Amino acid sequence: MPSTVDVAIVGAGAAGIAAARAVRAAGVSYVVVEAAARLGGRALTDHSLGFPLDMGCTWLHSADRNPLADGDPAQYQRDGESSRLFLDDQARWANAAEQSQHAAYIAACEAAIESAAARGEDPPVADVIPDDPAYRRHFDWWCGAYTSVPPAELSAQDWCRYLDTYQNWTVPDGFGQHIIRRAIGLNIRRETPVLAIDRRGPRVRLTTPAGVIEAARVIITAGTEALKYIRFLPALPQKTEGAIHRLPLGRANKVVMRFDRLDPDWIPARSGVLSIRFGRFGRPIAESFVEAAIARALEPEGESAQIAFVLDQLVAMYGSATRPRMAVARASLWGQTPWIWGAYSAMTPGGGDPRADLAEPVDQRLFFAGEAVHPIFCTAAHGAWESGQRAARAAIAALPPG
Ligand SMILES: Cc1cc2nc3c(=O)[nH]c(=O)nc-3n(C[C@H](O)[C@H](O)[C@H](O)COP(=O)(O)OP(=O)(O)OC[C@H]3O[C@@H](n4cnc5c(N)ncnc54)[C@H](O)[C@@H]3O)c2cc1C
């Protein structure tokens with residue numbers, strides 16, 4: 001006998017947990033089916049270096065508008081925007097004039113993208129930004145870190161859609177932990193991948209290796225790469241299918257390192273190839289962000305390749321004494337993580353609004369949620385969270401009477 005619920009929720013990342021909490025609060029029967037053995041999806045706090053360190057979402061971005069920035073505000077660390085610029089191609093720190101030129105060039109790129117978008121155009125970001133022999137690669141790095149794809153693959157409209165209030169907070173026991181704590185007491189089946197979703201009958205049937213689940217409504221929070229592995233019967237409408245393919249996940253990885261101690265000269269920095277921060281919450285830790293192109297190149301070689309890359313950069317920036325002081329390190333491999341297969345969604349150029357298209361319910365029975373569908377907080381955990389809440393409200397409202 002298949003198990004039967006009012007609402008089935010596919011995936012227990014931020015969106016799935018938010019949806020489940022909202023459905024439970026409405027007193028509706030539900031189950032969450034999660035393919036992986038752990039909860040959280042791209043929200044993952046690692047403890048193997050002796051401290052809680054985030055390998056996926058790290059900052060409560062737009063924290064003054066972020067539903068996950070609840071509780072005591074004093075617990076969060078506020079990150080400033082300022083970081084020192086390293087000219088990695090010349091192996092030296094930028095001087096004040098160069099730092100200003102860099103900032104002016106990045107601002108000019110952003111203005112050019114915004115004007116193209118304001119004209120209603122949707123070219124690749126790479127086609128509208130001004131060239132600059134010194135700083136173009138720095139913009140490319142920034143685009144990769146911000147959006148997880150290089151400028152040639154990103155829609156200008158999508159660049160402009162994200163609402164950033166420049167308030168970035170971190171969580172002492174980890175953002176991943178902060179999210180999965182909210183799943184306590186929820187009805188979740190782990191290690192249960194949904195392989196097919198069949199809406200041809202009166203109830204929607206979800207096929208898993210552990211049997212069939214029947215549900216009146218289904219909230220689907222699998223990311224846009226994982227969605228490609230679910231068989232839909234009948235096939236999804238072309239609009240939904242097209243939206244999934246226009247919202248691929250790019251690449252971005254975190255590299256975290258534990259040192260015997262930090263040097264006061266090790267201040268936050270960014271270069272044309274990485275960004276680095278030290279000592280969050282007073283810990284002897286460095287956290288680095290490896291973006292789209294570099295993550296793509298290094299991921300196939302495994303964690304050690306990204307760790308070696310970051311360490312080489314640190315030696316170039318802060319001197320050879322850095323290397324022996326690094327004790328242990330970890331790197332994420334999001335592009336190779338089963339059921340996720342990437343970092344965050346980036347809309348391809350060409351106009352339209354695939355995020356809104358994917359957010360549209362299918363037959364009032366399937367409701368897509370997750371970071372990819374949020375209109376202004378797409379790519380981010382709080383966008384995923386809000387989208388889960390919204391999908392839950394819609395799914396509950398669409399339940400058949402009785
Ligand atoms: C390196 C990196 C840094 C980031 N930094 C930040 C940051 O600082 N701030 C921020 O706000 N965001 C950040 N993000 C983005 C943030 O992590 C994501 O936007 C958010 O966690 C996505 O949540 P989600 O619920 O939409 O998807 P996911 O977390 O991907 O959850 C989907 C879940 O569905 C499961 N699943 C998939 N397929 C199936 C299936 N067939 N059956 C059952 N289950 C399935 C998956 O296992 C997964 O658990 C970062 C991401 C990365 C990779």
# chains A, B, ... in the order shown; residues from 1 in each chain; ligands from 1

$ residues_near_ligand --ligand "ligand 1" --cutoff "7 Å" --atoms "only C-alpha atoms and all ligand atoms" --output "ChimeraX atom specification"
/A:10-16,33-36,39-43,55-61,192-195,221-223,226-227,229-230,252-254,334,339-340,342-344,369-372,379-385

$ select_by_dssp --residues "region 66-135 of chain A" --states "strand (DSSP E or B)" --output "compact mmCIF listing (two decimals) with N, CA, C and O atoms, in the first residue's frame"
# COMPACT_ATOMS: atom_id res chain seq x y z
N GLN A 77 27.81 38.00 13.51
CA GLN A 77 28.94 38.89 13.20
C GLN A 77 28.63 39.62 11.90
O GLN A 77 28.19 39.01 10.93
N ARG A 78 28.82 40.93 11.91
CA ARG A 78 28.55 41.74 10.71
C ARG A 78 29.83 41.87 9.90
O ARG A 78 30.84 42.31 10.43
N ASP A 79 29.77 41.49 8.63
CA ASP A 79 30.95 41.59 7.78
C ASP A 79 30.92 42.89 7.01
O ASP A 79 29.94 43.17 6.32
N ARG A 84 41.17 44.27 1.13
CA ARG A 84 42.33 44.79 0.42
C ARG A 84 42.48 44.06 -0.92
O ARG A 84 42.21 42.86 -1.00
N LEU A 85 42.93 44.82 -1.93
CA LEU A 85 43.04 44.25 -3.28
C LEU A 85 44.46 43.75 -3.54
O LEU A 85 45.43 44.48 -3.35
N PHE A 86 44.55 42.50 -3.97
CA PHE A 86 45.84 41.92 -4.36
C PHE A 86 45.86 41.74 -5.87
O PHE A 86 44.91 41.19 -6.45
N LEU A 87 46.91 42.25 -6.51
CA LEU A 87 47.04 42.12 -7.97
C LEU A 87 47.81 40.82 -8.23
O LEU A 87 49.05 40.81 -8.24
N ARG A 92 51.56 41.46 -6.16
CA ARG A 92 51.76 42.54 -5.19
C ARG A 92 50.41 43.13 -4.79
O ARG A 92 49.41 42.97 -5.51
N TRP A 93 50.43 43.84 -3.67
CA TRP A 93 49.22 44.51 -3.21
C TRP A 93 48.99 45.78 -4.02
O TRP A 93 49.96 46.46 -4.41
N PRO A 124 24.20 38.77 -22.75
CA PRO A 124 25.11 38.26 -21.72
C PRO A 124 25.81 39.45 -21.06
O PRO A 124 26.15 40.43 -21.74

$ atom_distance --atom1 "CA of Asp260 (chain A)" --atom2 "CA of Phe51 (chain A)"
13.5 Å

$ closest_residue --among "A:Gly201, A:Val255, A:Glu121, A:Gly272" --to "Phe139 (chain A)" --atoms "only C-alpha atoms"
A:Gly272

$ closest_residue --among "A:Ala108, A:Val362, A:Arg393, A:Ala210" --to "Phe232 (chain A)" --atoms "only C-alpha atoms"
A:Val362

$ closest_residue --among "A:Ala96, A:Leu233, A:Ala356, A:Ala63" --to "Tyr166 (chain A)" --atoms "only C-alpha atoms"
A:Ala63

$ closest_residue --among "A:Pro284, A:Gly120, A:Pro151, A:Gly174" --to "Tyr76 (chain A)" --atoms "only C-alpha atoms"
A:Gly174

$ select_by_dssp --residues "region 114-210 of chain A" --states "alpha helix (DSSP H)" --output "short mmCIF file (atom, residue, chain, number, x, y, z; two decimals) with C-alpha atoms, in the first residue's frame"
data_model
loop_
_atom_site.label_atom_id
_atom_site.label_comp_id
_atom_site.auth_asym_id
_atom_site.auth_seq_id
_atom_site.Cartn_x
_atom_site.Cartn_y
_atom_site.Cartn_z
CA GLU A 114 21.96 48.06 -15.26
CA SER A 115 21.51 50.39 -18.26
CA ALA A 116 21.21 47.46 -20.68
CA ALA A 117 18.63 45.86 -18.40
CA ALA A 118 16.76 49.16 -18.00
CA ARG A 136 38.55 42.96 -16.32
CA ARG A 137 39.60 39.65 -14.76
CA HIS A 138 38.68 41.06 -11.34
CA PHE A 139 35.17 41.73 -12.57
CA ASP A 140 35.03 38.21 -14.00
CA TRP A 141 36.02 36.86 -10.59
CA TRP A 142 33.39 38.99 -8.89
CA CYS A 143 30.68 37.90 -11.33
CA GLY A 144 31.63 34.26 -10.77
CA ALA A 145 31.54 34.59 -6.99
CA TYR A 146 28.29 36.56 -7.00
CA THR A 147 26.39 34.48 -9.53
CA ALA A 156 21.98 41.07 -17.68
CA GLN A 157 18.40 41.11 -16.38
CA ASP A 158 19.26 38.40 -13.85
CA TRP A 159 22.26 40.35 -12.58
CA CYS A 160 19.91 43.22 -11.73
CA ARG A 161 17.11 41.29 -10.11
CA PHE A 175 24.33 28.97 8.84
CA GLY A 176 23.80 25.33 7.86
CA GLN A 177 23.14 24.43 11.47
CA HIS A 178 20.91 27.49 11.81
CA ILE A 179 18.71 26.10 9.03
CA ILE A 180 18.60 22.41 9.90
#

$ residues_around --residues "Gly319 (chain A)" --least-positions-apart "5" --cutoff "12 Å" --atoms "only C-alpha atoms" --output "number ranges by chain"
A: 91-92, 263, 265-266, 311-314, 324-325

$ atom_distance --atom1 "CA of Arg38 (chain A)" --atom2 "CA of Gly388 (chain A)"
18.7 Å

$ residues_around --residues "Ala305 (chain A)" --least-positions-apart "4" --cutoff "12 Å" --atoms "only C-alpha atoms" --output "list in words"
Asn253, Val255, Val290, Ile294, Ala295, Arg296, Ala297, Leu298, Glu299, Pro300, Glu301, Phe309, Val310, Leu311, Asp312, Ala329, Arg330, Ala331, Ser332 and Leu333 of chain A

$ write_last_selection --atoms "all heavy atoms" --output "compact mmCIF listing (two decimals), in the first residue's frame"
# COMPACT_ATOMS: atom_id res chain seq x y z
N ASN A 253 32.70 27.30 -4.69
CA ASN A 253 33.09 26.44 -3.57
C ASN A 253 33.72 27.24 -2.45
O ASN A 253 34.30 28.30 -2.68
CB ASN A 253 34.07 25.36 -4.05
CG ASN A 253 33.33 24.22 -4.74
OD1 ASN A 253 32.31 23.73 -4.23
ND2 ASN A 253 33.80 23.81 -5.90
N VAL A 255 36.60 27.06 0.55
CA VAL A 255 37.77 26.37 1.07
C VAL A 255 38.03 26.93 2.46
O VAL A 255 38.16 28.15 2.61
CB VAL A 255 39.01 26.57 0.17
CG1 VAL A 255 40.24 25.90 0.79
CG2 VAL A 255 38.76 26.01 -1.23
N VAL A 290 36.00 30.11 -3.88
CA VAL A 290 36.54 29.78 -5.21
C VAL A 290 35.38 29.85 -6.19
O VAL A 290 34.36 29.19 -6.00
CB VAL A 290 37.18 28.38 -5.21
CG1 VAL A 290 37.67 28.01 -6.60
CG2 VAL A 290 38.34 28.34 -4.22
N ILE A 294 37.23 28.88 -11.90
CA ILE A 294 38.29 28.14 -11.21
C ILE A 294 37.71 26.89 -10.55
O ILE A 294 38.31 25.81 -10.59
CB ILE A 294 39.02 29.05 -10.21
CG1 ILE A 294 39.67 30.21 -10.98
CG2 ILE A 294 40.06 28.28 -9.40
CD1 ILE A 294 40.17 31.33 -10.13
N ALA A 295 36.54 27.04 -9.96
CA ALA A 295 35.90 25.87 -9.35
C ALA A 295 35.64 24.80 -10.42
O ALA A 295 35.87 23.61 -10.19
CB ALA A 295 34.59 26.28 -8.67
N ARG A 296 35.19 25.22 -11.58
CA ARG A 296 34.93 24.27 -12.66
C ARG A 296 36.20 23.53 -13.06
O ARG A 296 36.20 22.33 -13.30
CB ARG A 296 34.45 25.03 -13.90
CG ARG A 296 32.98 24.97 -14.10
CD ARG A 296 32.61 25.67 -15.40
NE ARG A 296 31.25 26.15 -15.29
CZ ARG A 296 30.71 27.01 -16.12
NH1 ARG A 296 31.39 27.50 -17.13
NH2 ARG A 296 29.46 27.39 -15.96
N ALA A 297 37.30 24.30 -13.15
CA ALA A 297 38.56 23.68 -13.59
C ALA A 297 39.11 22.73 -12.53
O ALA A 297 39.68 21.69 -12.86
CB ALA A 297 39.58 24.78 -13.90
N LEU A 298 38.97 23.10 -11.25
CA LEU A 298 39.65 22.32 -10.20
C LEU A 298 38.80 21.20 -9.60
O LEU A 298 39.35 20.23 -9.07
CB LEU A 298 40.11 23.25 -9.07
CG LEU A 298 41.17 24.29 -9.47
CD1 LEU A 298 41.56 25.14 -8.27
CD2 LEU A 298 42.42 23.61 -10.04
N GLU A 299 37.48 21.35 -9.68
CA GLU A 299 36.62 20.35 -9.01
C GLU A 299 36.91 18.91 -9.43
O GLU A 299 36.94 18.02 -8.58
CB GLU A 299 35.14 20.67 -9.26
CG GLU A 299 34.50 21.32 -8.07
CD GLU A 299 32.98 21.18 -8.07
OE1 GLU A 299 32.42 20.38 -8.84
OE2 GLU A 299 32.36 21.89 -7.26
N PRO A 300 37.13 18.66 -10.74
CA PRO A 300 37.36 17.25 -11.12
C PRO A 300 38.56 16.64 -10.43
O PRO A 300 38.66 15.42 -10.30
CB PRO A 300 37.57 17.33 -12.64
CG PRO A 300 36.91 18.61 -13.05
CD PRO A 300 37.05 19.55 -11.89
N GLU A 301 39.50 17.47 -9.95
CA GLU A 301 40.69 16.94 -9.27
C GLU A 301 40.46 16.72 -7.79
O GLU A 301 41.36 16.33 -7.06
CB GLU A 301 41.87 17.88 -9.48
CG GLU A 301 42.31 17.97 -10.93
CD GLU A 301 43.34 19.06 -11.13
OE1 GLU A 301 44.31 19.11 -10.36
OE2 GLU A 301 43.13 19.90 -12.03
N PHE A 309 45.39 25.19 -4.43
CA PHE A 309 45.26 26.46 -5.16
C PHE A 309 45.17 27.64 -4.18
O PHE A 309 45.89 28.63 -4.30
CB PHE A 309 44.01 26.41 -6.05
CG PHE A 309 43.65 27.73 -6.65
CD1 PHE A 309 44.35 28.23 -7.74
CD2 PHE A 309 42.62 28.50 -6.11
CE1 PHE A 309 44.03 29.47 -8.28
CE2 PHE A 309 42.29 29.73 -6.64
CZ PHE A 309 43.00 30.22 -7.73
N VAL A 310 44.31 27.50 -3.18
CA VAL A 310 44.13 28.60 -2.23
C VAL A 310 45.41 28.81 -1.43
O VAL A 310 45.85 29.96 -1.22
CB VAL A 310 42.92 28.33 -1.30
CG1 VAL A 310 42.85 29.37 -0.18
CG2 VAL A 310 41.63 28.35 -2.11
N LEU A 311 46.05 27.74 -1.03
CA LEU A 311 47.28 27.88 -0.24
C LEU A 311 48.37 28.59 -1.05
O LEU A 311 49.08 29.47 -0.54
CB LEU A 311 47.75 26.50 0.23
CG LEU A 311 48.73 26.47 1.39
CD1 LEU A 311 48.27 27.33 2.57
CD2 LEU A 311 48.96 25.05 1.85
N ASP A 312 48.48 28.24 -2.32
CA ASP A 312 49.46 28.93 -3.19
C ASP A 312 49.16 30.43 -3.25
O ASP A 312 50.07 31.26 -3.22
CB ASP A 312 49.43 28.35 -4.61
CG ASP A 312 50.09 26.99 -4.71
OD1 ASP A 312 50.77 26.59 -3.73
OD2 ASP A 312 49.91 26.32 -5.74
N ALA A 329 42.54 21.45 6.29
CA ALA A 329 41.65 22.23 5.40
C ALA A 329 40.57 21.34 4.82
O ALA A 329 40.72 20.11 4.78
CB ALA A 329 42.48 22.86 4.28
N ARG A 330 39.50 21.96 4.39
CA ARG A 330 38.42 21.28 3.69
C ARG A 330 37.98 22.14 2.52
O ARG A 330 38.06 23.37 2.59
CB ARG A 330 37.19 21.09 4.59
CG ARG A 330 37.29 20.17 5.78
CD ARG A 330 37.62 18.73 5.45
NE ARG A 330 36.88 18.14 4.36
CZ ARG A 330 35.74 17.44 4.50
NH1 ARG A 330 35.21 17.26 5.69
NH2 ARG A 330 35.16 16.91 3.45
N ALA A 331 37.51 21.49 1.48
CA ALA A 331 36.94 22.23 0.34
C ALA A 331 35.63 21.57 -0.05
O ALA A 331 35.50 20.34 -0.01
CB ALA A 331 37.90 22.20 -0.84
N SER A 332 34.66 22.38 -0.41
CA SER A 332 33.40 21.81 -0.91
C SER A 332 33.57 21.43 -2.38
O SER A 332 34.47 21.92 -3.08
CB SER A 332 32.25 22.81 -0.76
OG SER A 332 32.47 23.95 -1.57
N LEU A 333 32.70 20.54 -2.83
CA LEU A 333 32.70 20.10 -4.23
C LEU A 333 31.25 20.08 -4.68
O LEU A 333 30.68 19.03 -4.98
CB LEU A 333 33.32 18.70 -4.34
CG LEU A 333 34.80 18.54 -3.97
CD1 LEU A 333 35.17 17.08 -3.82
CD2 LEU A 333 35.69 19.21 -5.03

$ closest_residue --among "A:Ala316, A:Leu206, A:Ala293, A:Ala394" --to "Ser271 (chain A)" --atoms "only C-alpha atoms"
A:Ala316

$ atom_distance --atom1 "CA of Arg182 (chain A)" --atom2 "CA of Asp72 (chain A)"
15.9 Å

$ closest_residue --among "A:Val373, A:Ile285, A:Met347, A:Ile213" --to "Pro123 (chain A)" --atoms "only C-alpha atoms"
A:Met347
